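Colleague: Structure file my_file-v8.pdb, PDB, C-alpha atoms, pLDDT in the B column, is pasted below:
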```pdb
ATOM      1  CA  MET A 210     -26.075 -22.835   9.556  1.00 54.00           C
ATOM      2  CA  SER A 211     -24.930 -26.293   8.482  1.00 59.00           C
ATOM      3  CA  ARG A 212     -21.505 -27.730   9.205  1.00 71.00           C
ATOM      4  CA  ASN A 213     -20.728 -27.483   5.489  1.00 89.00           C
ATOM      5  CA  GLU A 214     -21.435 -23.715   5.552  1.00 91.00           C
ATOM      6  CA  ILE A 215     -19.200 -23.316   8.596  1.00 92.00           C
ATOM      7  CA  ASP A 216     -16.399 -25.244   6.876  1.00 93.00           C
ATOM      8  CA  THR A 217     -16.776 -23.031   3.802  1.00 94.00           C
ATOM      9  CA  LEU A 218     -16.516 -19.908   5.993  1.00 93.00           C
ATOM     10  CA  ILE A 219     -13.394 -21.308   7.688  1.00 94.00           C
ATOM     11  CA  GLU A 220     -11.829 -22.062   4.286  1.00 95.00           C
ATOM     12  CA  MET A 221     -12.603 -18.526   3.081  1.00 94.00           C
ATOM     13  CA  MET A 222     -11.200 -16.942   6.256  1.00 94.00           C
ATOM     14  CA  ALA A 223      -8.028 -19.073   5.971  1.00 95.00           C
ATOM     15  CA  LYS A 224      -7.323 -17.381   2.604  1.00 95.00           C
ATOM     16  CA  LEU A 225      -6.935 -13.997   4.321  1.00 94.00           C
ATOM     17  CA  PRO A 226      -3.379 -12.733   4.936  1.00 92.00           C
ATOM     18  CA  GLY A 227      -2.109 -13.663   8.384  1.00 92.00           C
ATOM     19  CA  LEU A 228      -4.726 -16.352   8.964  1.00 93.00           C
ATOM     20  CA  GLY A 229      -4.052 -20.038   8.602  1.00 93.00           C
ATOM     21  CA  PRO A 230      -6.569 -22.856   9.115  1.00 94.00           C
ATOM     22  CA  ARG A 231      -6.237 -22.838  12.934  1.00 95.00           C
ATOM     23  CA  SER A 232      -6.568 -19.057  13.248  1.00 96.00           C
ATOM     24  CA  ALA A 233      -9.502 -19.098  10.830  1.00 95.00           C
ATOM     25  CA  ARG A 234     -11.272 -21.781  12.916  1.00 96.00           C
ATOM     26  CA  ARG A 235     -10.775 -19.745  16.104  1.00 96.00           C
ATOM     27  CA  ALA A 236     -12.024 -16.571  14.399  1.00 95.00           C
ATOM     28  CA  VAL A 237     -15.108 -18.285  12.977  1.00 95.00           C
ATOM     29  CA  LEU A 238     -15.984 -19.894  16.316  1.00 95.00           C
ATOM     30  CA  HIS A 239     -15.629 -16.502  18.006  1.00 95.00           C
ATOM     31  CA  LEU A 240     -17.857 -14.873  15.361  1.00 94.00           C
ATOM     32  CA  ILE A 241     -20.507 -17.567  15.787  1.00 93.00           C
ATOM     33  CA  ARG A 242     -20.465 -17.177  19.579  1.00 95.00           C
ATOM     34  CA  LYS A 243     -20.851 -13.408  19.190  1.00 92.00           C
ATOM     35  CA  ARG A 244     -23.285 -13.666  16.297  1.00 90.00           C
ATOM     36  CA  ALA A 245     -25.456 -10.639  17.125  1.00 91.00           C
ATOM     37  CA  LEU A 246     -22.544  -8.453  18.229  1.00 92.00           C
ATOM     38  CA  LEU A 247     -19.984  -9.364  15.552  1.00 92.00           C
ATOM     39  CA  LEU A 248     -21.033 -11.824  12.836  1.00 93.00           C
ATOM     40  CA  THR A 249     -24.165 -10.087  11.557  1.00 93.00           C
ATOM     41  CA  PRO A 250     -22.670  -6.541  11.586  1.00 94.00           C
ATOM     42  CA  LEU A 251     -19.500  -7.890   9.933  1.00 93.00           C
ATOM     43  CA  ALA A 252     -21.512  -9.587   7.181  1.00 93.00           C
ATOM     44  CA  ASP A 253     -23.498  -6.362   6.636  1.00 94.00           C
ATOM     45  CA  ALA A 254     -20.332  -4.260   6.496  1.00 95.00           C
ATOM     46  CA  MET A 255     -18.697  -6.685   4.052  1.00 94.00           C
ATOM     47  CA  GLN A 256     -21.776  -6.582   1.812  1.00 95.00           C
ATOM     48  CA  ALA A 257     -21.771  -2.766   1.847  1.00 94.00           C
ATOM     49  CA  VAL A 258     -18.054  -2.617   0.984  1.00 94.00           C
ATOM     50  CA  ALA A 259     -18.494  -5.234  -1.765  1.00 93.00           C
ATOM     51  CA  VAL A 260     -21.035  -2.928  -3.411  1.00 94.00           C
ATOM     52  CA  SER A 261     -19.420   0.481  -2.819  1.00 93.00           C
ATOM     53  CA  ALA A 262     -15.620  -0.029  -2.877  1.00 94.00           C
ATOM     54  CA  ARG A 263     -13.814   1.142  -5.991  1.00 94.00           C
ATOM     55  CA  GLU A 264     -10.324   2.042  -7.096  1.00 95.00           C
ATOM     56  CA  CYS A 265      -9.578   5.739  -7.625  1.00 96.00           C
ATOM     57  CA  LEU A 266      -9.267   6.367 -11.361  1.00 95.00           C
ATOM     58  CA  ASN A 267      -6.520   8.904 -10.700  1.00 95.00           C
ATOM     59  CA  CYS A 268      -4.159   7.406  -8.121  1.00 96.00           C
ATOM     60  CA  GLY A 269      -5.288   3.816  -7.441  1.00 96.00           C
ATOM     61  CA  ASN A 270      -6.333   4.368  -3.806  1.00 97.00           C
ATOM     62  CA  VAL A 271      -9.370   2.429  -2.562  1.00 96.00           C
ATOM     63  CA  GLY A 272     -12.475   4.358  -1.553  1.00 93.00           C
ATOM     64  CA  THR A 273     -16.167   4.667  -2.275  1.00 93.00           C
ATOM     65  CA  SER A 274     -16.049   7.083  -5.232  1.00 93.00           C
ATOM     66  CA  ASP A 275     -14.346   7.137  -8.626  1.00 95.00           C
ATOM     67  CA  ILE A 276     -11.951   9.864  -7.434  1.00 96.00           C
ATOM     68  CA  CYS A 277     -10.707   9.452  -3.851  1.00 96.00           C
ATOM     69  CA  GLU A 278     -10.895  12.196  -1.221  1.00 95.00           C
ATOM     70  CA  ILE A 279      -7.136  12.816  -1.431  1.00 96.00           C
ATOM     71  CA  CYS A 280      -7.179  13.421  -5.198  1.00 96.00           C
ATOM     72  CA  ALA A 281     -10.355  15.522  -4.936  1.00 95.00           C
ATOM     73  CA  SER A 282      -8.925  17.816  -2.248  1.00 95.00           C
ATOM     74  CA  GLU A 283      -7.508  21.091  -3.569  1.00 94.00           C
ATOM     75  CA  LYS A 284      -5.436  21.335  -0.373  1.00 94.00           C
ATOM     76  CA  ARG A 285      -3.539  18.235  -1.498  1.00 94.00           C
ATOM     77  CA  ALA A 286      -2.602  19.791  -4.877  1.00 90.00           C
ATOM     78  CA  THR A 287       0.901  20.669  -3.669  1.00 91.00           C
ATOM     79  CA  GLY A 288       2.725  19.587  -6.820  1.00 94.00           C
ATOM     80  CA  GLU A 289       4.096  16.551  -4.983  1.00 96.00           C
ATOM     81  CA  ILE A 290       3.246  12.925  -5.711  1.00 97.00           C
ATOM     82  CA  CYS A 291       4.338  10.143  -3.372  1.00 96.00           C
ATOM     83  CA  VAL A 292       4.680   6.861  -5.271  1.00 97.00           C
ATOM     84  CA  VAL A 293       3.915   3.707  -3.266  1.00 97.00           C
ATOM     85  CA  GLU A 294       3.709   0.025  -4.154  1.00 96.00           C
ATOM     86  CA  GLU A 295       0.323  -0.847  -2.650  1.00 96.00           C
ATOM     87  CA  VAL A 296      -2.730   0.824  -1.121  1.00 96.00           C
ATOM     88  CA  SER A 297      -1.626  -0.442   2.312  1.00 94.00           C
ATOM     89  CA  ASP A 298       1.541   1.666   1.918  1.00 95.00           C
ATOM     90  CA  LEU A 299      -0.573   4.743   1.097  1.00 96.00           C
ATOM     91  CA  TRP A 300      -2.685   4.139   4.195  1.00 95.00           C
ATOM     92  CA  ALA A 301       0.479   3.777   6.322  1.00 93.00           C
ATOM     93  CA  MET A 302       1.758   7.125   5.000  1.00 94.00           C
ATOM     94  CA  GLU A 303      -1.595   8.734   5.792  1.00 94.00           C
ATOM     95  CA  ARG A 304      -1.534   7.330   9.351  1.00 93.00           C
ATOM     96  CA  ALA A 305       1.829   9.056   9.847  1.00 90.00           C
ATOM     97  CA  GLY A 306       0.199  12.349   8.793  1.00 90.00           C
ATOM     98  CA  ALA A 307       3.494  13.802   7.536  1.00 90.00           C
ATOM     99  CA  PHE A 308       2.758  14.000   3.787  1.00 94.00           C
ATOM    100  CA  LYS A 309       0.285  16.588   2.516  1.00 95.00           C
ATOM    101  CA  GLY A 310       0.446  15.970  -1.248  1.00 96.00           C
ATOM    102  CA  ARG A 311      -1.128  13.341  -3.476  1.00 96.00           C
ATOM    103  CA  TYR A 312      -0.246   9.702  -4.099  1.00 97.00           C
ATOM    104  CA  HIS A 313       0.223   7.223  -6.907  1.00 97.00           C
ATOM    105  CA  VAL A 314      -0.237   3.492  -6.259  1.00 97.00           C
ATOM    106  CA  LEU A 315       1.794   1.264  -8.603  1.00 96.00           C
ATOM    107  CA  GLY A 316       0.040  -1.996  -7.732  1.00 94.00           C
ATOM    108  CA  GLY A 317       3.305  -3.865  -7.116  1.00 93.00           C
ATOM    109  CA  THR A 318       6.886  -3.785  -8.349  1.00 94.00           C
ATOM    110  CA  LEU A 319       8.661  -4.755 -11.535  1.00 90.00           C
ATOM    111  CA  SER A 320       9.568  -8.442 -11.609  1.00 87.00           C
ATOM    112  CA  ALA A 321      10.895 -10.176 -14.701  1.00 81.00           C
ATOM    113  CA  LEU A 322      10.531 -13.580 -13.012  1.00 80.00           C
ATOM    114  CA  ASP A 323       6.821 -12.999 -12.370  1.00 82.00           C
ATOM    115  CA  GLY A 324       6.231 -11.339 -15.742  1.00 84.00           C
ATOM    116  CA  VAL A 325       5.391  -7.957 -14.187  1.00 87.00           C
ATOM    117  CA  GLY A 326       6.434  -5.136 -16.504  1.00 85.00           C
ATOM    118  CA  PRO A 327       5.697  -1.391 -16.525  1.00 85.00           C
ATOM    119  CA  GLU A 328       2.353  -1.898 -18.291  1.00 83.00           C
ATOM    120  CA  GLU A 329       1.136  -4.292 -15.583  1.00 89.00           C
ATOM    121  CA  LEU A 330       1.840  -1.539 -13.083  1.00 93.00           C
ATOM    122  CA  SER A 331       0.549   2.009 -13.360  1.00 92.00           C
ATOM    123  CA  ILE A 332       3.891   3.517 -14.389  1.00 94.00           C
ATOM    124  CA  PRO A 333       2.615   4.919 -17.729  1.00 93.00           C
ATOM    125  CA  ARG A 334      -0.238   6.609 -15.820  1.00 94.00           C
ATOM    126  CA  LEU A 335       2.334   8.135 -13.421  1.00 96.00           C
ATOM    127  CA  VAL A 336       4.282   9.604 -16.338  1.00 94.00           C
ATOM    128  CA  ASP A 337       1.024  11.074 -17.722  1.00 94.00           C
ATOM    129  CA  ARG A 338       0.129  12.563 -14.319  1.00 95.00           C
ATOM    130  CA  VAL A 339       3.523  14.254 -13.997  1.00 95.00           C
ATOM    131  CA  ALA A 340       2.920  15.988 -17.330  1.00 91.00           C
ATOM    132  CA  SER A 341      -0.771  16.837 -16.881  1.00 93.00           C
ATOM    133  CA  GLU A 342      -0.908  17.847 -13.199  1.00 92.00           C
ATOM    134  CA  GLY A 343       2.056  20.209 -13.061  1.00 90.00           C
ATOM    135  CA  ILE A 344       3.992  17.955 -10.695  1.00 95.00           C
ATOM    136  CA  THR A 345       7.246  19.428  -9.362  1.00 95.00           C
ATOM    137  CA  GLU A 346       8.434  16.519  -7.168  1.00 96.00           C
ATOM    138  CA  VAL A 347       7.974  12.759  -7.231  1.00 96.00           C
ATOM    139  CA  ILE A 348       8.818  11.014  -3.956  1.00 95.00           C
ATOM    140  CA  LEU A 349       9.580   7.324  -4.417  1.00 95.00           C
ATOM    141  CA  ALA A 350       8.378   5.604  -1.237  1.00 94.00           C
ATOM    142  CA  LEU A 351       9.041   2.046  -2.378  1.00 93.00           C
ATOM    143  CA  ASN A 352      10.127  -0.848  -0.180  1.00 90.00           C
ATOM    144  CA  ALA A 353      13.876  -1.345   0.248  1.00 85.00           C
ATOM    145  CA  THR A 354      13.873  -4.648  -1.642  1.00 86.00           C
ATOM    146  CA  VAL A 355      15.648  -5.579  -4.866  1.00 87.00           C
ATOM    147  CA  GLU A 356      12.329  -5.290  -6.734  1.00 91.00           C
ATOM    148  CA  GLY A 357      11.530  -1.958  -5.074  1.00 91.00           C
ATOM    149  CA  MET A 358      14.923  -0.507  -5.969  1.00 90.00           C
ATOM    150  CA  THR A 359      14.676  -1.828  -9.540  1.00 92.00           C
ATOM    151  CA  THR A 360      11.255  -0.201  -9.888  1.00 94.00           C
ATOM    152  CA  ALA A 361      12.571   3.073  -8.437  1.00 94.00           C
ATOM    153  CA  HIS A 362      15.432   3.113 -10.951  1.00 94.00           C
ATOM    154  CA  TYR A 363      13.056   2.425 -13.839  1.00 95.00           C
ATOM    155  CA  ILE A 364      10.722   5.252 -12.763  1.00 96.00           C
ATOM    156  CA  ALA A 365      13.708   7.589 -12.327  1.00 95.00           C
ATOM    157  CA  ASP A 366      14.785   6.807 -15.911  1.00 95.00           C
ATOM    158  CA  GLN A 367      11.268   7.497 -17.219  1.00 94.00           C
ATOM    159  CA  LEU A 368      10.988  10.846 -15.394  1.00 95.00           C
ATOM    160  CA  GLU A 369      14.598  12.049 -15.666  1.00 92.00           C
ATOM    161  CA  GLY A 370      14.783  15.759 -16.470  1.00 91.00           C
ATOM    162  CA  ARG A 371      11.000  16.271 -16.113  1.00 93.00           C
ATOM    163  CA  VAL A 372      10.654  16.563 -12.359  1.00 95.00           C
ATOM    164  CA  ARG A 373      12.605  16.537  -9.095  1.00 95.00           C
ATOM    165  CA  LEU A 374      12.960  12.931  -7.904  1.00 95.00           C
ATOM    166  CA  THR A 375      13.501  12.023  -4.263  1.00 94.00           C
ATOM    167  CA  SER A 376      13.235   8.864  -2.184  1.00 91.00           C
ATOM    168  CA  LEU A 377      12.575   8.103   1.450  1.00 87.00           C
ATOM    169  CA  ALA A 378      15.603   8.038   3.707  1.00 83.00           C
ATOM    170  CA  GLN A 379      16.787   4.600   4.723  1.00 81.00           C
ATOM    171  CA  GLY A 380      18.695   3.558   7.778  1.00 80.00           C
ATOM    172  CA  VAL A 381      18.378   3.394  11.547  1.00 77.00           C
ATOM    173  CA  PRO A 382      14.720   3.585  12.655  1.00 80.00           C
ATOM    174  CA  VAL A 383      13.623   5.790  15.528  1.00 80.00           C
ATOM    175  CA  GLY A 384      14.234   3.779  18.685  1.00 82.00           C
ATOM    176  CA  GLY A 385      16.459   1.315  16.820  1.00 80.00           C
ATOM    177  CA  GLU A 386      19.587  -0.175  18.327  1.00 79.00           C
ATOM    178  CA  LEU A 387      22.580  -0.904  16.110  1.00 72.00           C
ATOM    179  CA  ASP A 388      23.076  -4.351  17.588  1.00 81.00           C
ATOM    180  CA  TYR A 389      19.653  -5.448  16.293  1.00 79.00           C
ATOM    181  CA  LEU A 390      19.968  -4.035  12.748  1.00 78.00           C
ATOM    182  CA  ASP A 391      21.026  -5.974   9.675  1.00 82.00           C
ATOM    183  CA  GLU A 392      24.152  -5.053   7.724  1.00 83.00           C
ATOM    184  CA  GLY A 393      22.188  -3.540   4.814  1.00 79.00           C
ATOM    185  CA  THR A 394      20.330  -1.134   7.108  1.00 79.00           C
ATOM    186  CA  ILE A 395      23.537  -0.065   8.830  1.00 81.00           C
ATOM    187  CA  SER A 396      25.249   0.429   5.469  1.00 81.00           C
ATOM    188  CA  ALA A 397      22.320   2.512   4.135  1.00 79.00           C
ATOM    189  CA  ALA A 398      22.287   4.627   7.294  1.00 77.00           C
ATOM    190  CA  LEU A 399      26.040   5.260   7.080  1.00 79.00           C
ATOM    191  CA  SER A 400      25.776   6.259   3.400  1.00 77.00           C
ATOM    192  CA  ALA A 401      22.877   8.647   4.136  1.00 77.00           C
ATOM    193  CA  ARG A 402      24.491  10.264   7.169  1.00 73.00           C
ATOM    194  CA  LYS A 403      23.893  13.989   7.709  1.00 70.00           C
ATOM    195  CA  THR A 404      25.622  16.856   9.482  1.00 68.00           C
ATOM    196  CA  LEU A 405      24.388  17.597  13.001  1.00 67.00           C
TER     197      LEU A 405
END
```
For this file, produce the structure as structure tokens.
Modeller:
Amino acid sequence: MSRNEIDTLIEMMAKLPGLGPRSARRAVLHLIRKRALLLTPLADAMQAVAVSARECLNCGNVGTSDICEICASEKRATGEICVVEEVSDLWAMERAGAFKGRYHVLGGTLSALDGVGPEELSIPRLVDRVASEGITEVILALNATVEGMTTAHYIADQLEGRVRLTSLAQGVPVGGELDYLDEGTISAALSARKTL
């Protein structure tokens, strides 16, 4: 392995989210030191994923087949679709284990400044799925950002009268202390208060 190849690997690693040049250098040096234990198996795993990974044609999840395991499962055909911005959000929902329906990955949020409209996202596909899959509820699990809320409102307009629309509750997180929360979170929690 020449120094040039090592530099190229460091540059590639530095492009990953959460890694800058220093972190990438440390990671590469660690991989080289643990070549047999980490570097070679990692390279093999990356090659296998590069060949087999594909986006689900139905929901946009990432897996190894054209239709992901969630969409293929009859147990998940509950009539509910949870709409998320990115695959990482879908995976976070699955880790929680609380949702038993199917998903729809938008691939981002609407953003006029960035030129991202409904066609750049998979909103038309969502509308088609609601009609063709007998969906009774669409849960909008979008981030509580201006773009996320704008996207949620747009989707609600597109699906109004066709299906029950709900969104995730917003407010005080489990284990949260009021003193550490921002004003928007406190305001959302107060607006969404419930009877005990």
Colleague: When you count all atoms listed in the file, which of these residues is closest to Cys265 (chain A): A:Ile364, A:His239, A:His313, A:Leu218?
Modeller: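 Closest residue, counting all atoms listed in the file: A:His313.
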Colleague: To one decimal place, how far is CA of Ala236 (chain A) from CA of Gln256 (chain A) in Å?
Modeller: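 Interatomic distance, CA of Ala236 (chain A) to CA of Gln256 (chain A): 18.8 Å.
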Colleague: In Å to one decimal, how far is CA of Ile348 (chain A) from CA of Ser376 (chain A)?
Modeller: 5.2 Å
Colleague: I'd like the residues picked by the PyMOL selection byres ((chain A and resi 287-290) around 8) written out as a list in words, using the chain letters and numbers from the file.
Modeller: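 When the PyMOL selection byres ((chain A and resi 287-290) around 8) is applied, the selected residues are Lys284, Arg285, Ala286, Cys291, Val292, Lys309, Gly310, Arg311, Tyr312, His313, Glu342, Gly343, Ile344, Thr345, Glu346, Val347 and Ile348 of chain A.
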Colleague: As a check of understanding, name the residues that the PyMOL selection byres ((chain A and resi 316) around 9) selects in the supplied structure, as a PyMOL selection string.
Modeller: chain A and resi 269+293-296+314-315+317-318+329-331
Colleague: Would you mind listing what lies within 12 Å of Ala401 (chain A) as a count of residues only, with only C-alpha atoms counted and same-chain residues fewer than 2 positions away left out?
Modeller: 14
Colleague: Would you mind reading off the distance between CA of Leu368 (chain A) and CA of Pro333 (chain A), one decimal, in Å?
Modeller: 10.5 Å
Colleague: Using all atoms listed in the file, which of the listed residues (A:Cys280, A:Val260, A:Met302, A:Ala350) sits closest to Arg338 (chain A)?
Modeller: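 Using all atoms listed in the file, the shortest distance to Arg338 (chain A) belongs to A:Cys280.
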Colleague: Looking at all atoms listed in the file, which of A:Leu238, A:Val325, A:Leu351, A:Ala259 is the one that sits closest to Leu299 (chain A)?
Modeller: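 Smallest distance to Leu299 (chain A) is found for A:Leu351.
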Colleague: I need the residue nearest Leu319 (chain A) from this list: A:Thr360, A:Ser341, A:Ser400, A:Thr375. Use all atoms listed in the file for the distance.
Modeller: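 Smallest separation from Leu319 (chain A) among the options: A:Thr360.
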Colleague: Write out as a list in words the residues lying within 12 Å of Leu240 (chain A), counting only C-alpha atoms and excluding same-chain residues fewer than 2 positions away.
Modeller: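 Near neighbours after the sequence-gap exclusion: Ile215, Leu218, Ile219, Met222, Ala233, Arg234, Arg235, Ala236, Val237, Leu238, Arg242, Lys243, Arg244, Ala245, Leu246, Leu247, Leu248, Thr249, Pro250, Leu251 and Ala252 of chain A.
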Colleague: Show me the residues around (-8.4, 16.3, -7.7) - criterion: an atom at most 8 Å away, only C-alpha atoms counted - as a count of residues only.
Modeller: 7
Colleague: Please enumerate the residues selected by the PyMOL selection byres ((chain A and resi 261) around 12) when evaluated against the supplied file, formatted as a CSV table (one decimal) with C-alpha atoms, keeping the file's coordinate frame.
Modeller:
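As a result, expr20.csv now contains:
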```
chain,number,residue,atom,x,y,z
A,254,ALA,CA,-20.3,-4.3,6.5
A,255,MET,CA,-18.7,-6.7,4.1
A,256,GLN,CA,-21.8,-6.6,1.8
A,257,ALA,CA,-21.8,-2.8,1.8
A,258,VAL,CA,-18.1,-2.6,1.0
A,259,ALA,CA,-18.5,-5.2,-1.8
A,260,VAL,CA,-21.0,-2.9,-3.4
A,262,ALA,CA,-15.6,0.0,-2.9
A,263,ARG,CA,-13.8,1.1,-6.0
A,264,GLU,CA,-10.3,2.0,-7.1
A,271,VAL,CA,-9.4,2.4,-2.6
A,272,GLY,CA,-12.5,4.4,-1.6
A,273,THR,CA,-16.2,4.7,-2.3
A,274,SER,CA,-16.0,7.1,-5.2
A,275,ASP,CA,-14.3,7.1,-8.6
```
Colleague: Can you tell me which residues surround Asp366 (chain A) at a distance of at most 12 Å, considering all atoms listed in the file, apart from same-chain residues fewer than 6 positions away, and format the answer as a ChimeraX atom specification?
Modeller: /A:332,336,359-360,372,374
